[in-house]
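All remarks here apply to the structure that follows.
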Amino acid sequence: MAGRIREEDIATVREKARIDEVVSAYVTLRNAGGGSQKGLCPFHDEKTPSFNVNPSRGFWHCFGCGEGGDAIGFLMKIDGLGFAEAVERLADQYGVLLRREEGGPDERPQGPQRRRLIEAHAVAQEFYAQQLRGPEALEARRFLDQRGFDQAAATTFGIGYAPRDGEALWRHLREAKFSSEEVIAAGLVAMGRSHYDRFRGRLLWPIREVSGDTIGFGARRLYDDDKISAKYLNTPETPIYKKSHVLYGIDLARREMARSAQAVVVEGYTDVMACHLSGVGTAVATCGTAFGDDHARVLRRFIDDRRAFGGEVIFTFDGDSAGQQAALKAFEGDQRFVAQTYIAVAPAGQDPCDLRINAGEEAVRELIAGRRPLYRFALESVVNRFDLDRADGRVDAVREAARLVASVRDQSKVTAFAQEVSKMVGADIDTNAVLAEVRRAGRRGQQRGGAPDRTAQRPAGGGGETTAEESPGPAVVVPDPGDPRYAIERETLKLVLQHPMAIGRTTAEISVDDFTHPVYAGVWQVVAAAGGPAAGSGDEGWAAKVRAGATEPTIASTVTALAVEPIRTAREPDATYVAGHVFRLLELTVQRRIADLKSKLQRTDPASQPDDYRALFGQLAALEQHRRTLRNRIVGAP
């Protein structure tokens, strides 16, 4: 029946859907005290967990990106669902019968419902698994047996076989009351002159999302007369299957990832199986595409990717040239993680599946345990291309390695990487020479492609700056809340947003030049555009109004953070507290101007430039007097 879902049924869904259960299917949550749980936000990149879930209230909120809501809103955002579809999914999960009002607008999503696509995949997976036991699947069972996988392994991973009959699955799904529109939208059946199964005569692995629901398949070629020459076929992009977001084995690996703070990225389905059967329960693989940013975001939600040495990501690649290229690409994306990144390369170019067959399961475990830092492998792959016995070979090696080091966005690592290159190349190449070449490579990169990417620059050991959420255009670096260089700027802006009445017209002397960090300067600009702090007096929606005026996402998210971050005083901010921060902010600006004038004065010759010298000296004296006035106002603030 068409119509709006009844409000009382929606309320029942909200009551029964436990927010911690819904969220934990996507995010690893840990107790944060006070009945709350915390994890890494799945909607933006962050280094420390700011995503909070309160089961008693049924809400989630991220203090990093400002998003929040209930279980329905969470599903809408994370899976791209409409409101009605999210309600329907939760109703199915928690056994709520939904009724619709007659005559109201039809809120049901257009096209097949997600639930039906999931159900079609469940039926297909069961059908394929049954076919694997039949006489036609002899070649498929032989393939598995040759790789050391028995029926128990096939059952564990849900492996199946697609009959060569081009309509076997379509007939089965039709008998199960699935429509043509549903099975085509699911990517299980295609339409030519008539309906035909997308996978025919192939061994199949079900690809599942973190909840365990099957959303696609990976299909391995078995027969020489297969008209499709590709060794592997995957489900095409569908409403529920996005290959850039999917990792094979994540449903089996997610809990062990959370426990061990480790993720192992392998190259294929059989490698995932070999690892899990050998005791490496954190293995996953991409599905027909290279490891990318979206895959990294999935992993970061499940490993303890919060701080340096908090977790590890291990890539396994062949030792051949293709594997080296893959390792270099992974190194370029190393900055996606706070966790340490490693590479595990088996002897003789074997993958984990081959290694398990030839040397046993212990060898697979030893492969992962013997991992090497990814950066070292990547640098060696570059340096070893050159003849280091020749002077020109060493120079060329440094130049090529410097290009790789210059691509590193975390500047705290550059010197260490340069030291590694110096050791690899030889004693006549010291670290300073490598660093000089890195700087030259960086300048050449800027000339070719514009400003360097500084989205992940952060000093070692915390502090400094953290990565902004990725967005088109030049990156904006978010200031670290704990950076003492910007403490006064941050606290003053918190007062402006949270206590505009208290700060009142005290800020009349403040300008954008008083903020040295571009993000804080941007926040002040949107404050000024909203009418200044005085405009916020008595306005409960003041912070939201300021945020709405921010066109840059980083500025908007910083406004939200400043609006909820506690003020650094146990009592309500009074005039003394406010004035102390405002006048200190102004004093710091004057001190910077004084330093600039002193520098100019030192470069001015009083004998040959007497007028310039006297003018600068007069300006300096005036600024010193102004600084003393501000200092007195700080000490004697009312």
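Quick note on naming: the chains in the structure tokens go A, B, ... in the order shown, residues restart at 1 in each chain, and ligands are numbered from 1 in order of appearance.
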Using DSSP assignments from the backbone, pull out every residue in segment 157-350 of chain A that falls under alpha helix (DSSP H) and give it to me as an MDAnalysis selection string.
chainID A and resid 157 168:175 180:185 250:260 269:277 293:302 321:332
Per-residue nearest contacts of segment 218-238 of chain A to segment 124-138 of chain A (12 Å; only C-alpha atoms) as a Markdown table:
| residue | atom | partner | partner_atom | distance |
| --- | --- | --- | --- | --- |
| A:Gly218 | CA | A:Gln125 | CA | 11.5 |
| A:Ala219 | CA | A:Tyr128 | CA | 11.2 |
| A:Leu222 | CA | A:Ala137 | CA | 9.9 |
| A:Tyr223 | CA | A:Ala137 | CA | 11.3 |
For the residues selected in the previous step, produce a file with C-alpha atoms as an mmCIF file, in the first residue's frame.
data_model
loop_
_atom_site.group_PDB
_atom_site.id
_atom_site.type_symbol
_atom_site.label_atom_id
_atom_site.label_comp_id
_atom_site.auth_asym_id
_atom_site.auth_seq_id
_atom_site.Cartn_x
_atom_site.Cartn_y
_atom_site.Cartn_z
ATOM 1 C CA GLY A 218 33.548 -12.756 -7.219
ATOM 2 C CA ALA A 219 33.688 -15.387 -9.986
ATOM 3 C CA LEU A 222 37.301 -22.588 -14.770
ATOM 4 C CA TYR A 223 36.851 -23.669 -18.397
#
For segment 518-528 of chain A, work out the shell of residues within 7 Å, counting only C-alpha atoms and skipping chain neighbours fewer than 5 positions away, then give it as number ranges by chain.
A: 478, 512, 533, 546, 549-550, 555, 559
Those same residues - N, CA and C atoms - I'd like them written as an mmCIF file, in the first residue's frame.
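The result, stored in again-v5.cif:
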data_model
loop_
_atom_site.group_PDB
_atom_site.id
_atom_site.type_symbol
_atom_site.label_atom_id
_atom_site.label_comp_id
_atom_site.auth_asym_id
_atom_site.auth_seq_id
_atom_site.Cartn_x
_atom_site.Cartn_y
_atom_site.Cartn_z
ATOM 1 N N VAL A 478 43.754 21.588 9.550
ATOM 2 C CA VAL A 478 43.006 21.867 10.780
ATOM 3 C C VAL A 478 43.989 21.995 11.941
ATOM 4 N N VAL A 512 40.945 40.339 11.712
ATOM 5 C CA VAL A 512 41.387 39.042 11.203
ATOM 6 C C VAL A 512 42.898 38.874 11.311
ATOM 7 N N PRO A 533 30.460 39.408 17.481
ATOM 8 C CA PRO A 533 29.967 38.790 18.720
ATOM 9 C C PRO A 533 28.756 39.481 19.314
ATOM 10 N N VAL A 546 26.500 31.169 12.683
ATOM 11 C CA VAL A 546 27.882 31.368 12.229
ATOM 12 C C VAL A 546 28.317 30.212 11.338
ATOM 13 N N GLY A 549 27.197 30.262 7.805
ATOM 14 C CA GLY A 549 27.852 31.228 6.935
ATOM 15 C C GLY A 549 29.190 30.772 6.405
ATOM 16 N N ALA A 550 29.665 29.609 6.857
ATOM 17 C CA ALA A 550 30.969 29.094 6.416
ATOM 18 C C ALA A 550 30.804 28.297 5.134
ATOM 19 N N ILE A 555 36.262 25.134 7.863
ATOM 20 C CA ILE A 555 35.871 26.229 8.745
ATOM 21 C C ILE A 555 34.581 25.873 9.477
ATOM 22 N N VAL A 559 34.055 25.555 13.535
ATOM 23 C CA VAL A 559 33.042 26.306 14.284
ATOM 24 C C VAL A 559 32.283 25.369 15.221
#
List the neighbours of segment 64-78 of chain A out to 7 Å using only C-alpha atoms; skip same-chain residues closer than 2 positions along the sequence, and give me the result as a list in words.
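In the requested form, the answer reads Ala17, Ile19, Val22, His44, Ser50, Gly58, Phe59, Trp60, His61, Cys62, Gly80, Leu81, Gly82, Phe83, Ala86, Val87, Ser557, Thr560 and Ala561 of chain A.
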Between atom CA of Arg592 of chain A and atom CA of Phe617 of chain A - distance in Å to one decimal:
15.7 Å
With distances taken over only C-alpha atoms, which residue among A:Val265, A:Ala152, A:Ala402, A:Ala120 lies nearest Arg174 of chain A?
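Nearest candidate to Arg174 of chain A out of A:Val265, A:Ala152, A:Ala402, A:Ala120: A:Ala120.
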Work out how far atom CA of Arg593 of chain A is from atom CA of Ala621 of chain A, in Å to one decimal.
11.7 Å
Leaving out segment 175-177 of chain A and any residue of its chain fewer than 3 positions from it, which residues lie within 9 Å of it when counting only C-alpha atoms, given as a PyMOL selection string?
chain A and resi 120+123+170-172
Nearest residue to Ile184 of chain A from the set A:Pro112, A:Gly95, A:Pro163, A:Gly212 (distances using only C-alpha atoms):
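Using only C-alpha atoms, Ile184 of chain A sits closest to A:Pro112.
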List the spatial neighbours of Ile343 of chain A as a list of chain:residue names - criterion: any atom at most 6 Å away, only C-alpha atoms, same-chain residues fewer than 2 positions off excluded.
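Counting only C-alpha atoms, the residues come to A:Ile314, A:Phe315, A:Thr316, A:Arg371, A:Arg372, A:Leu374.
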Residue set, segment 4-177 of chain A restricted to strand (DSSP E), as a list in words
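Going through segment 4-177 of chain A, the strand (DSSP E) residues come out as Arg30, Asn31, Ala32, Gly33, Ser36, Gln37, Lys38, Gly39, Phe51, Asn52, Val53, Asn54, Phe59, Trp60, His61, Cys62, Gly68, Gly69, Gly160, Tyr161 and Ala162 of chain A.
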Take the residues just selected and output them with C-alpha atoms as a PDB file, in the first residue's frame.
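Dumped to again_1.pdb:
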ATOM      1  CA  ARG A  30      34.767   1.127  23.185  1.00  0.00           C
ATOM      2  CA  ASN A  31      33.416   2.184  26.562  1.00  0.00           C
ATOM      3  CA  ALA A  32      34.077   5.856  27.237  1.00  0.00           C
ATOM      4  CA  GLY A  33      32.569   6.092  30.726  1.00  0.00           C
ATOM      5  CA  SER A  36      28.767   6.374  26.517  1.00  0.00           C
ATOM      6  CA  GLN A  37      30.802   4.587  23.872  1.00  0.00           C
ATOM      7  CA  LYS A  38      33.381   6.014  21.514  1.00  0.00           C
ATOM      8  CA  GLY A  39      34.997   5.135  18.184  1.00  0.00           C
ATOM      9  CA  PHE A  51      32.473   9.700  17.480  1.00  0.00           C
ATOM     10  CA  ASN A  52      30.251   9.214  20.539  1.00  0.00           C
ATOM     11  CA  VAL A  53      27.282   6.884  21.023  1.00  0.00           C
ATOM     12  CA  ASN A  54      24.894   7.171  23.975  1.00  0.00           C
ATOM     13  CA  PHE A  59      21.801   9.176  19.820  1.00  0.00           C
ATOM     14  CA  TRP A  60      25.231   9.414  18.179  1.00  0.00           C
ATOM     15  CA  HIS A  61      27.311  12.536  17.638  1.00  0.00           C
ATOM     16  CA  CYS A  62      30.745  13.215  16.186  1.00  0.00           C
ATOM     17  CA  GLY A  68      24.744  13.345  14.674  1.00  0.00           C
ATOM     18  CA  GLY A  69      21.307  11.820  15.062  1.00  0.00           C
ATOM     19  CA  GLY A 160      29.525 -21.851  -4.600  1.00  0.00           C
ATOM     20  CA  TYR A 161      29.344 -22.783  -8.265  1.00  0.00           C
ATOM     21  CA  ALA A 162      27.388 -21.112 -11.069  1.00  0.00           C
TER      22      ALA A 162
END
Residue with smallest distance to Ile159 of chain A - pool A:Gln340, A:Thr270, A:Ser260, A:Asn234, counting only C-alpha atoms:
A:Thr270
From the list A:Gly531, A:Phe43, A:Ala91, A:Met501, which residue is nearest Glu15 of chain A when using only C-alpha atoms?
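Answer, going by the shortest atom-to-atom distance: A:Ala91.
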Might you pull out every residue within 6 Å of Val578 of chain A, with only C-alpha atoms counted and same-chain residues fewer than 3 positions away left off, and present them as a PyMOL selection string?
chain A and resi 503+575+581
Write the residues of the selection above to a file with N, CA and C atoms, as a PDB file, in the first residue's frame.
ATOM      1  N   ILE A 503      31.282  38.306  26.138  1.00  0.00           N
ATOM      2  CA  ILE A 503      32.408  38.938  25.450  1.00  0.00           C
ATOM      3  C   ILE A 503      31.999  40.281  24.866  1.00  0.00           C
ATOM      4  N   ALA A 575      33.874  38.921  33.196  1.00  0.00           N
ATOM      5  CA  ALA A 575      34.523  39.995  32.444  1.00  0.00           C
ATOM      6  C   ALA A 575      36.042  39.897  32.533  1.00  0.00           C
ATOM      7  N   HIS A 581      41.732  37.272  27.848  1.00  0.00           N
ATOM      8  CA  HIS A 581      42.001  36.609  26.571  1.00  0.00           C
ATOM      9  C   HIS A 581      42.028  37.591  25.405  1.00  0.00           C
TER      10      HIS A 581
END
Report, in Å with one decimal, the straight-line distance from atom CA of Leu562 of chain A to atom CA of Trp542 of chain A.
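A separation of 12.6 Å between them.
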